[in-house]
Structure formats: C-alpha cells, structure tokens
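A.B. asks: Here you go, this is final.cif (mmCIF, N, CA and C atoms).
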data_final
#
loop_
_atom_site.label_atom_id
_atom_site.label_comp_id
_atom_site.auth_asym_id
_atom_site.auth_seq_id
_atom_site.Cartn_x
_atom_site.Cartn_y
_atom_site.Cartn_z
N MET A 27 5.74 -20.22 -12.64
CA MET A 27 6.85 -19.75 -11.83
C MET A 27 7.43 -20.94 -11.07
N ASN A 28 8.74 -21.09 -11.11
CA ASN A 28 9.33 -22.22 -10.39
C ASN A 28 9.59 -21.86 -8.94
N PHE A 29 9.88 -22.89 -8.15
CA PHE A 29 10.06 -22.69 -6.71
C PHE A 29 11.28 -21.83 -6.39
N ARG A 30 12.35 -21.97 -7.16
CA ARG A 30 13.56 -21.19 -6.89
C ARG A 30 13.31 -19.70 -7.08
N LYS A 31 12.67 -19.33 -8.18
CA LYS A 31 12.38 -17.92 -8.45
C LYS A 31 11.38 -17.38 -7.42
N GLN A 32 10.42 -18.20 -7.07
CA GLN A 32 9.42 -17.78 -6.09
C GLN A 32 10.05 -17.60 -4.71
N GLY A 33 10.92 -18.52 -4.32
CA GLY A 33 11.62 -18.41 -3.04
C GLY A 33 12.50 -17.18 -2.99
N LEU A 34 13.21 -16.92 -4.08
CA LEU A 34 14.05 -15.73 -4.15
C LEU A 34 13.21 -14.46 -4.04
N ALA A 35 12.08 -14.44 -4.70
CA ALA A 35 11.18 -13.28 -4.63
C ALA A 35 10.69 -13.06 -3.20
N MET A 36 10.39 -14.14 -2.50
CA MET A 36 9.93 -14.02 -1.11
C MET A 36 11.04 -13.47 -0.22
N VAL A 37 12.26 -13.97 -0.39
CA VAL A 37 13.38 -13.49 0.41
C VAL A 37 13.62 -12.00 0.13
N ILE A 38 13.58 -11.61 -1.13
CA ILE A 38 13.75 -10.20 -1.49
C ILE A 38 12.65 -9.34 -0.85
N ALA A 39 11.42 -9.83 -0.87
CA ALA A 39 10.31 -9.08 -0.28
C ALA A 39 10.51 -8.89 1.22
N VAL A 40 10.96 -9.94 1.92
CA VAL A 40 11.17 -9.85 3.37
C VAL A 40 12.32 -8.90 3.67
N VAL A 41 13.43 -9.03 2.94
CA VAL A 41 14.59 -8.16 3.18
C VAL A 41 14.26 -6.70 2.87
N LEU A 42 13.57 -6.46 1.77
CA LEU A 42 13.17 -5.10 1.41
C LEU A 42 12.22 -4.52 2.46
N THR A 43 11.30 -5.32 2.94
CA THR A 43 10.37 -4.86 3.98
C THR A 43 11.11 -4.51 5.26
N ALA A 44 12.02 -5.39 5.69
CA ALA A 44 12.77 -5.13 6.92
C ALA A 44 13.64 -3.88 6.78
N GLY A 45 14.31 -3.75 5.66
CA GLY A 45 15.16 -2.57 5.45
C GLY A 45 14.37 -1.28 5.38
N ALA A 46 13.26 -1.31 4.66
CA ALA A 46 12.43 -0.11 4.54
C ALA A 46 11.82 0.27 5.89
N SER A 47 11.36 -0.71 6.64
CA SER A 47 10.74 -0.40 7.94
C SER A 47 11.76 0.19 8.90
N ASP A 48 12.96 -0.36 8.92
CA ASP A 48 13.97 0.16 9.83
C ASP A 48 14.39 1.57 9.43
N TYR A 49 14.59 1.80 8.15
CA TYR A 49 15.00 3.13 7.68
C TYR A 49 13.90 4.17 7.96
N ILE A 50 12.67 3.85 7.61
CA ILE A 50 11.58 4.81 7.78
C ILE A 50 11.35 5.11 9.25
N SER A 51 11.37 4.07 10.09
CA SER A 51 11.12 4.28 11.52
C SER A 51 12.26 5.05 12.19
N SER A 52 13.50 4.58 12.01
CA SER A 52 14.59 5.17 12.77
C SER A 52 15.18 6.43 12.14
N ARG A 53 15.14 6.56 10.84
CA ARG A 53 15.75 7.73 10.20
C ARG A 53 14.73 8.82 9.85
N VAL A 54 13.57 8.44 9.40
CA VAL A 54 12.59 9.43 8.95
C VAL A 54 11.69 9.87 10.10
N VAL A 55 10.95 8.94 10.68
CA VAL A 55 9.95 9.30 11.70
C VAL A 55 10.62 9.82 12.97
N LYS A 56 11.55 9.05 13.53
CA LYS A 56 12.17 9.47 14.80
C LYS A 56 12.87 10.82 14.68
N ASN A 57 13.56 11.05 13.60
CA ASN A 57 14.28 12.32 13.44
C ASN A 57 13.35 13.51 13.23
N ASN A 58 12.16 13.26 12.74
CA ASN A 58 11.20 14.36 12.55
C ASN A 58 10.33 14.60 13.78
N VAL A 59 9.96 13.54 14.49
CA VAL A 59 9.10 13.69 15.67
C VAL A 59 9.92 14.06 16.89
N GLN A 60 11.05 13.43 17.10
CA GLN A 60 11.98 13.68 18.20
C GLN A 60 11.33 13.61 19.58
N ARG A 61 10.58 12.57 19.82
CA ARG A 61 9.95 12.37 21.13
C ARG A 61 10.95 11.70 22.07
N ILE A 62 11.07 12.25 23.25
CA ILE A 62 12.00 11.73 24.26
C ILE A 62 11.46 10.40 24.81
N ARG A 63 12.37 9.46 25.05
CA ARG A 63 11.98 8.17 25.64
C ARG A 63 11.47 8.39 27.06
N PRO A 64 10.53 7.56 27.52
CA PRO A 64 10.03 7.73 28.89
C PRO A 64 11.12 7.59 29.94
N CYS A 65 12.10 6.74 29.68
CA CYS A 65 13.19 6.55 30.65
C CYS A 65 14.16 7.74 30.69
N ASN A 66 14.07 8.63 29.72
CA ASN A 66 14.88 9.86 29.71
C ASN A 66 14.07 11.10 30.04
N ASP A 67 12.77 10.97 30.17
CA ASP A 67 11.88 12.10 30.43
C ASP A 67 11.84 12.38 31.93
N ASN A 68 12.28 13.56 32.34
CA ASN A 68 12.33 13.90 33.77
C ASN A 68 10.96 13.87 34.44
N ASN A 69 9.89 14.06 33.69
CA ASN A 69 8.55 14.03 34.26
C ASN A 69 8.06 12.61 34.55
N VAL A 70 8.68 11.62 33.95
CA VAL A 70 8.18 10.24 34.04
C VAL A 70 9.19 9.28 34.65
N LYS A 71 10.47 9.48 34.40
CA LYS A 71 11.46 8.45 34.71
C LYS A 71 11.58 8.11 36.19
N TYR A 72 11.21 9.02 37.07
CA TYR A 72 11.30 8.73 38.50
C TYR A 72 10.07 7.97 39.01
N GLN A 73 9.07 7.81 38.17
CA GLN A 73 7.86 7.08 38.55
C GLN A 73 7.86 5.65 38.01
N MET A 74 8.95 5.23 37.40
CA MET A 74 8.98 3.92 36.77
C MET A 74 10.19 3.13 37.23
N ILE A 75 10.08 1.83 37.05
CA ILE A 75 11.19 0.93 37.32
C ILE A 75 11.86 0.63 35.99
N LEU A 76 13.09 1.03 35.86
CA LEU A 76 13.83 0.81 34.62
C LEU A 76 14.41 -0.59 34.63
N ARG A 77 14.03 -1.41 33.68
CA ARG A 77 14.42 -2.82 33.64
C ARG A 77 15.61 -3.09 32.72
N VAL A 78 15.93 -2.15 31.85
CA VAL A 78 17.09 -2.26 30.95
C VAL A 78 17.73 -0.89 30.84
N PRO A 79 18.97 -0.82 30.37
CA PRO A 79 19.57 0.50 30.15
C PRO A 79 18.75 1.30 29.14
N CYS A 80 18.62 2.57 29.41
CA CYS A 80 17.81 3.43 28.54
C CYS A 80 18.63 3.88 27.34
N GLY A 81 18.04 3.77 26.17
CA GLY A 81 18.71 4.21 24.95
C GLY A 81 18.79 5.73 24.89
N SER A 82 19.67 6.21 24.06
CA SER A 82 19.84 7.66 23.95
C SER A 82 19.03 8.26 22.81
N GLY A 83 18.49 7.42 21.95
CA GLY A 83 17.75 7.91 20.79
C GLY A 83 16.34 8.34 21.14
N TYR A 84 15.60 8.63 20.11
CA TYR A 84 14.22 9.07 20.28
C TYR A 84 13.27 7.87 20.40
N SER A 85 12.05 8.16 20.81
CA SER A 85 11.10 7.11 21.16
C SER A 85 10.07 6.80 20.09
N PHE A 86 9.57 7.79 19.39
CA PHE A 86 8.43 7.60 18.47
C PHE A 86 8.93 7.53 17.03
N THR A 87 8.62 6.49 16.36
CA THR A 87 7.95 5.24 16.70
C THR A 87 8.95 4.21 17.18
N SER A 88 8.46 3.16 17.80
CA SER A 88 9.33 2.07 18.22
C SER A 88 9.82 1.32 16.98
N SER A 89 11.12 1.34 16.76
CA SER A 89 11.67 0.61 15.62
C SER A 89 11.53 -0.90 15.82
N HIS A 90 11.61 -1.36 17.07
CA HIS A 90 11.38 -2.79 17.32
C HIS A 90 9.97 -3.19 16.87
N ALA A 91 8.99 -2.42 17.28
CA ALA A 91 7.60 -2.74 16.90
C ALA A 91 7.42 -2.61 15.39
N THR A 92 7.95 -1.56 14.80
CA THR A 92 7.81 -1.37 13.36
C THR A 92 8.44 -2.52 12.59
N ASN A 93 9.67 -2.87 12.93
CA ASN A 93 10.38 -3.92 12.20
C ASN A 93 9.73 -5.29 12.39
N HIS A 94 9.37 -5.63 13.61
CA HIS A 94 8.80 -6.95 13.85
C HIS A 94 7.41 -7.09 13.23
N PHE A 95 6.60 -6.05 13.31
CA PHE A 95 5.29 -6.12 12.66
C PHE A 95 5.42 -6.10 11.14
N ALA A 96 6.39 -5.39 10.61
CA ALA A 96 6.59 -5.39 9.17
C ALA A 96 6.98 -6.78 8.67
N VAL A 97 7.94 -7.41 9.33
CA VAL A 97 8.37 -8.75 8.92
C VAL A 97 7.25 -9.77 9.13
N ALA A 98 6.58 -9.69 10.28
CA ALA A 98 5.47 -10.62 10.52
C ALA A 98 4.38 -10.44 9.47
N SER A 99 4.07 -9.21 9.13
CA SER A 99 2.99 -8.94 8.17
C SER A 99 3.34 -9.41 6.77
N ILE A 100 4.57 -9.16 6.32
CA ILE A 100 4.92 -9.61 4.97
C ILE A 100 4.94 -11.14 4.92
N LEU A 101 5.40 -11.78 5.99
CA LEU A 101 5.38 -13.25 6.02
C LEU A 101 3.95 -13.79 6.01
N VAL A 102 3.07 -13.14 6.75
CA VAL A 102 1.65 -13.55 6.74
C VAL A 102 1.08 -13.39 5.34
N MET A 103 1.36 -12.27 4.70
CA MET A 103 0.84 -12.04 3.36
C MET A 103 1.37 -13.06 2.35
N LEU A 104 2.62 -13.46 2.53
CA LEU A 104 3.24 -14.40 1.60
C LEU A 104 2.84 -15.85 1.87
N LEU A 105 2.66 -16.20 3.13
CA LEU A 105 2.53 -17.61 3.49
C LEU A 105 1.15 -18.05 3.95
N SER A 106 0.26 -17.13 4.28
CA SER A 106 -1.00 -17.55 4.91
C SER A 106 -1.91 -18.32 3.97
N ARG A 107 -1.74 -18.15 2.66
CA ARG A 107 -2.57 -18.94 1.74
C ARG A 107 -2.15 -20.40 1.74
N ILE A 108 -0.88 -20.65 2.00
CA ILE A 108 -0.39 -22.02 2.08
C ILE A 108 -0.56 -22.57 3.50
N TRP A 109 -0.06 -21.81 4.45
CA TRP A 109 -0.10 -22.19 5.86
C TRP A 109 -0.93 -21.16 6.61
N GLY A 110 -2.23 -21.37 6.67
CA GLY A 110 -3.12 -20.42 7.32
C GLY A 110 -2.85 -20.24 8.80
N TRP A 111 -2.30 -21.26 9.42
CA TRP A 111 -2.04 -21.22 10.86
C TRP A 111 -0.90 -20.26 11.22
N VAL A 112 -0.09 -19.83 10.25
CA VAL A 112 1.10 -19.04 10.53
C VAL A 112 0.77 -17.62 11.02
N ARG A 113 -0.42 -17.15 10.73
CA ARG A 113 -0.82 -15.78 11.06
C ARG A 113 -0.70 -15.49 12.56
N TRP A 114 -1.32 -16.30 13.39
CA TRP A 114 -1.36 -16.01 14.83
C TRP A 114 0.00 -16.10 15.50
N PRO A 115 0.81 -17.12 15.24
CA PRO A 115 2.14 -17.12 15.88
C PRO A 115 3.01 -15.93 15.48
N LEU A 116 2.93 -15.53 14.22
CA LEU A 116 3.75 -14.39 13.78
C LEU A 116 3.30 -13.09 14.43
N TYR A 117 2.00 -12.86 14.48
CA TYR A 117 1.52 -11.63 15.11
C TYR A 117 1.70 -11.67 16.63
N LEU A 118 1.61 -12.84 17.23
CA LEU A 118 1.86 -12.96 18.67
C LEU A 118 3.32 -12.64 18.98
N TRP A 119 4.22 -13.13 18.13
CA TRP A 119 5.65 -12.83 18.27
C TRP A 119 5.88 -11.32 18.18
N ALA A 120 5.33 -10.67 17.17
CA ALA A 120 5.53 -9.23 17.00
C ALA A 120 4.90 -8.44 18.16
N ALA A 121 3.73 -8.86 18.59
CA ALA A 121 3.05 -8.17 19.70
C ALA A 121 3.83 -8.32 21.00
N SER A 122 4.44 -9.48 21.22
CA SER A 122 5.21 -9.67 22.45
C SER A 122 6.46 -8.78 22.46
N ILE A 123 7.08 -8.62 21.31
CA ILE A 123 8.23 -7.70 21.21
C ILE A 123 7.77 -6.27 21.49
N ALA A 124 6.65 -5.88 20.91
CA ALA A 124 6.13 -4.52 21.11
C ALA A 124 5.77 -4.28 22.57
N PHE A 125 5.09 -5.24 23.19
CA PHE A 125 4.72 -5.11 24.61
C PHE A 125 5.97 -4.98 25.47
N ALA A 126 6.99 -5.74 25.15
CA ALA A 126 8.22 -5.71 25.95
C ALA A 126 8.86 -4.33 25.94
N GLN A 127 8.73 -3.60 24.86
CA GLN A 127 9.32 -2.26 24.78
C GLN A 127 8.67 -1.30 25.78
N VAL A 128 7.38 -1.46 25.97
CA VAL A 128 6.67 -0.65 26.97
C VAL A 128 6.99 -1.15 28.37
N TYR A 129 7.00 -2.46 28.54
CA TYR A 129 7.24 -3.08 29.85
C TYR A 129 8.59 -2.67 30.44
N VAL A 130 9.62 -2.63 29.61
CA VAL A 130 10.95 -2.29 30.13
C VAL A 130 11.16 -0.78 30.24
N GLY A 131 10.22 0.02 29.78
CA GLY A 131 10.26 1.46 29.99
C GLY A 131 10.97 2.28 28.95
N VAL A 132 11.22 1.70 27.78
CA VAL A 132 11.93 2.48 26.75
C VAL A 132 10.99 3.10 25.72
N HIS A 133 9.69 2.75 25.79
CA HIS A 133 8.70 3.32 24.86
C HIS A 133 7.37 3.55 25.57
N TYR A 134 6.65 4.55 25.09
CA TYR A 134 5.27 4.77 25.50
C TYR A 134 4.38 3.82 24.70
N PRO A 135 3.17 3.52 25.20
CA PRO A 135 2.27 2.63 24.46
C PRO A 135 1.98 3.10 23.03
N LEU A 136 1.78 4.40 22.82
CA LEU A 136 1.50 4.88 21.47
C LEU A 136 2.69 4.71 20.52
N ASP A 137 3.90 4.69 21.07
CA ASP A 137 5.08 4.45 20.23
C ASP A 137 5.00 3.09 19.56
N VAL A 138 4.59 2.08 20.32
CA VAL A 138 4.53 0.73 19.75
C VAL A 138 3.27 0.52 18.92
N ILE A 139 2.18 1.17 19.29
CA ILE A 139 0.95 1.04 18.49
C ILE A 139 1.17 1.63 17.10
N PHE A 140 1.71 2.84 17.05
CA PHE A 140 1.96 3.45 15.75
C PHE A 140 3.10 2.75 15.01
N GLY A 141 4.05 2.20 15.76
CA GLY A 141 5.09 1.39 15.13
C GLY A 141 4.52 0.16 14.45
N ALA A 142 3.58 -0.50 15.13
CA ALA A 142 2.94 -1.68 14.55
C ALA A 142 2.15 -1.31 13.30
N LEU A 143 1.42 -0.22 13.36
CA LEU A 143 0.65 0.23 12.20
C LEU A 143 1.57 0.62 11.03
N LEU A 144 2.66 1.30 11.35
CA LEU A 144 3.61 1.67 10.31
C LEU A 144 4.23 0.43 9.68
N GLY A 145 4.60 -0.54 10.50
CA GLY A 145 5.18 -1.77 9.98
C GLY A 145 4.22 -2.52 9.08
N PHE A 146 2.96 -2.60 9.50
CA PHE A 146 1.95 -3.26 8.66
C PHE A 146 1.79 -2.52 7.34
N GLY A 147 1.74 -1.20 7.40
CA GLY A 147 1.58 -0.40 6.18
C GLY A 147 2.74 -0.57 5.21
N ILE A 148 3.95 -0.62 5.74
CA ILE A 148 5.12 -0.82 4.88
C ILE A 148 5.07 -2.20 4.24
N ALA A 149 4.73 -3.22 5.02
CA ALA A 149 4.63 -4.58 4.47
C ALA A 149 3.55 -4.65 3.39
N LYS A 150 2.43 -4.01 3.63
CA LYS A 150 1.35 -4.01 2.65
C LYS A 150 1.80 -3.33 1.36
N PHE A 151 2.54 -2.23 1.48
CA PHE A 151 3.03 -1.52 0.30
C PHE A 151 4.04 -2.37 -0.48
N VAL A 152 4.98 -3.01 0.22
CA VAL A 152 5.96 -3.87 -0.46
C VAL A 152 5.25 -5.04 -1.14
N TYR A 153 4.29 -5.63 -0.46
CA TYR A 153 3.54 -6.74 -1.05
C TYR A 153 2.79 -6.28 -2.30
N PHE A 154 2.19 -5.11 -2.24
CA PHE A 154 1.49 -4.55 -3.39
C PHE A 154 2.46 -4.34 -4.56
N LEU A 155 3.63 -3.78 -4.28
CA LEU A 155 4.62 -3.55 -5.34
C LEU A 155 5.08 -4.86 -5.97
N PHE A 156 5.33 -5.86 -5.14
CA PHE A 156 5.80 -7.13 -5.67
C PHE A 156 4.72 -7.86 -6.46
N ARG A 157 3.49 -7.68 -6.09
CA ARG A 157 2.40 -8.30 -6.87
C ARG A 157 2.28 -7.66 -8.24
N LYS A 158 2.66 -6.39 -8.35
CA LYS A 158 2.56 -5.68 -9.62
C LYS A 158 3.78 -5.90 -10.51
N THR A 159 4.81 -6.57 -10.00
CA THR A 159 6.01 -6.82 -10.79
C THR A 159 5.97 -8.21 -11.40
N ASN A 160 7.04 -8.58 -12.03
CA ASN A 160 7.14 -9.90 -12.64
C ASN A 160 7.30 -11.01 -11.61
N PHE A 161 7.56 -10.65 -10.36
CA PHE A 161 7.71 -11.68 -9.34
C PHE A 161 6.41 -12.41 -9.05
N SER A 162 5.28 -11.72 -9.24
CA SER A 162 3.95 -12.31 -9.06
C SER A 162 3.81 -13.07 -7.75
N LEU A 163 4.07 -12.39 -6.65
CA LEU A 163 3.97 -13.06 -5.36
C LEU A 163 2.56 -13.49 -5.02
N GLY A 164 1.57 -12.92 -5.69
CA GLY A 164 0.19 -13.31 -5.42
C GLY A 164 -0.15 -14.69 -5.95
N GLU A 165 0.71 -15.25 -6.80
CA GLU A 165 0.46 -16.55 -7.39
C GLU A 165 1.34 -17.60 -6.73
N ILE A 166 1.09 -17.85 -5.47
CA ILE A 166 1.88 -18.82 -4.72
C ILE A 166 1.58 -20.23 -5.24
N VAL A 167 2.62 -20.99 -5.50
CA VAL A 167 2.46 -22.37 -5.98
C VAL A 167 2.16 -23.26 -4.79
N TYR A 168 1.14 -24.09 -4.90
CA TYR A 168 0.76 -24.98 -3.80
C TYR A 168 1.39 -26.34 -3.97
#
Output the file's structure in the form of structure tokens.
C.D. replies:
Amino acid sequence: MNFRKQGLAMVIAVVLTAGASDYISSRVVKNNVQRIRPCNDNNVKYQMILRVPCGSGYSFTSSHATNHFAVASILVMLLSRIWGWVRWPLYLWAASIAFAQVYVGVHYPLDVIFGALLGFGIAKFVYFLFRKTNFSLGEIVY
C-alpha cells in the first residue's frame, strides 16, 4: 500500500468517525432519551453558576464528548503503532473538552461519560470496518 492511498484511507476513517459520532449522538440518542440540560432543569439550575449560555437542545449524551472521544480514539487506533506517545495527548484533549461541558453547566457527568464511551465504540467500529476492507488500515507502513 502506498502512502497516498494509506493517507486517504486515514482521512476517510476520521471523517466517517466524526460524522457517525455526531449523527448518532445528536440525532439518534438525544432525540430518543430527551434528557433536559442541567442549566434548563428547574430543580438544578438555581443551584449552579452558569458560565456560558445554555443550549436549548437535549443533554444526553454530550455530543462534544462523543465527537472528541471518537476522533481521538480513531486517531489513536491509526497512529499509536507509529507514534506511541500520541495516545495520552489525544485522550487528555478529549477529556478536557468533556470536563468543560460539566464545568460550564450544560451537561451532567453521566452525559459526558456515556458520550465518551459512545465515541470510543463508534471509533472502534469504524476501525474494525476499515480493517476488513481493501483499505487495510491495520497494515500501517513504517
């Protein structure tokens, strides 16, 4: 496999992962669970300091956490055999985004935890699919 085809396969994997994670989180999960954001919940919103404007959509799962963990996970799966050090910065980046969603009051902790798990699962599924295709992402050229 040449570098151009391999690079294109990696870009397609990342774009597919990001698109799938955003669609599944914001269109499928949120519309079925319909959990109110903490900043819109009358039982909670007066006990918190709102640090950003509150969104009008639903809370579960956090699309920020889902998307960032999905992209971080697919990049780790694609690149960690070449650059082993990339794992921690990518997951730290995704975790900081997830933590920020709770800190500013737009998500409950379980929203971001399940968002992170969903993102990882989507990335794992996309990686599995791409390894089974002709792209052969598992055979990274060193």
A.B. asks: Taking into account all atoms listed in the file, which residue in the set A:Tyr134, A:Tyr129, A:Tyr153, A:Trp114 is nearest to Ser88 in chain A?
C.D. replies: A:Tyr134
A.B. asks: Return as JSON, numbers by chain the set of residues that the PyMOL selection byres ((chain A and resi 46-62) around 6.5) yields on the displayed structure.
C.D. replies: {"A": [41, 42, 43, 44, 45, 63, 64, 65, 66, 67, 83, 84, 85, 86, 87, 88, 89, 92, 93, 145, 148]}
A.B. asks: Just the number, please: distance in Å from CA of Phe146 in chain A to atom N of Ala121 in chain A, one decimal.
C.D. replies: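 Calculated distance between CA of Phe146 in chain A and atom N of Ala121 in chain A is 11.5 Å.
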A.B. asks: Find, counting only C-alpha atoms, the residue in A:Ile100, A:Leu34, A:Ala126, A:Lys71 that gets nearest to Gly147 in chain A.
C.D. replies: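 For Gly147 in chain A, the nearest of the given residues is A:Ile100.
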A.B. asks: When distances are computed from all atoms listed in the file, which of A:Pro79, A:His94, A:Lys31, A:Ala124 shows the smallest separation from Asp137 in chain A?
C.D. replies: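 Ranking A:Pro79, A:His94, A:Lys31, A:Ala124 by distance to Asp137 in chain A, first place goes to A:Ala124.
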A.B. asks: Considering only C-alpha atoms, can you say which of A:Leu76, A:Asn68, A:Phe95, A:Phe156 comes closest to Val37 in chain A?
C.D. replies: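 Distance minimum relative to Val37 in chain A lands on A:Phe156.
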A.B. asks: For each of A:Val152, A:Val78, A:Leu136, A:Ala91, take the minimum atom-to-atom distance to Met36 in chain A, counting only C-alpha atoms, then give the residue where this is smallest.
C.D. replies: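 Among the listed residues, A:Val152 lies closest to Met36 in chain A.
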A.B. asks: Which residue, A:Val138, A:Leu105, A:Leu143, A:Ile123, has the smallest gap to Val40 in chain A when you use only C-alpha atoms?
C.D. replies: A:Leu105
A.B. asks: By how many Å are CA of Ser122 in chain A and CA of Leu101 in chain A apart?
C.D. replies: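 For CA of Ser122 in chain A relative to CA of Leu101 in chain A, the distance reads 16.8 Å.
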A.B. asks: Give me, please, the distance in Å between atom C of Arg113 in chain A and atom C of Val97 in chain A, quoted to one decimal.
C.D. replies: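 Taking atom C of Arg113 in chain A as the start and atom C of Val97 in chain A as the end point, the length is 10.4 Å.
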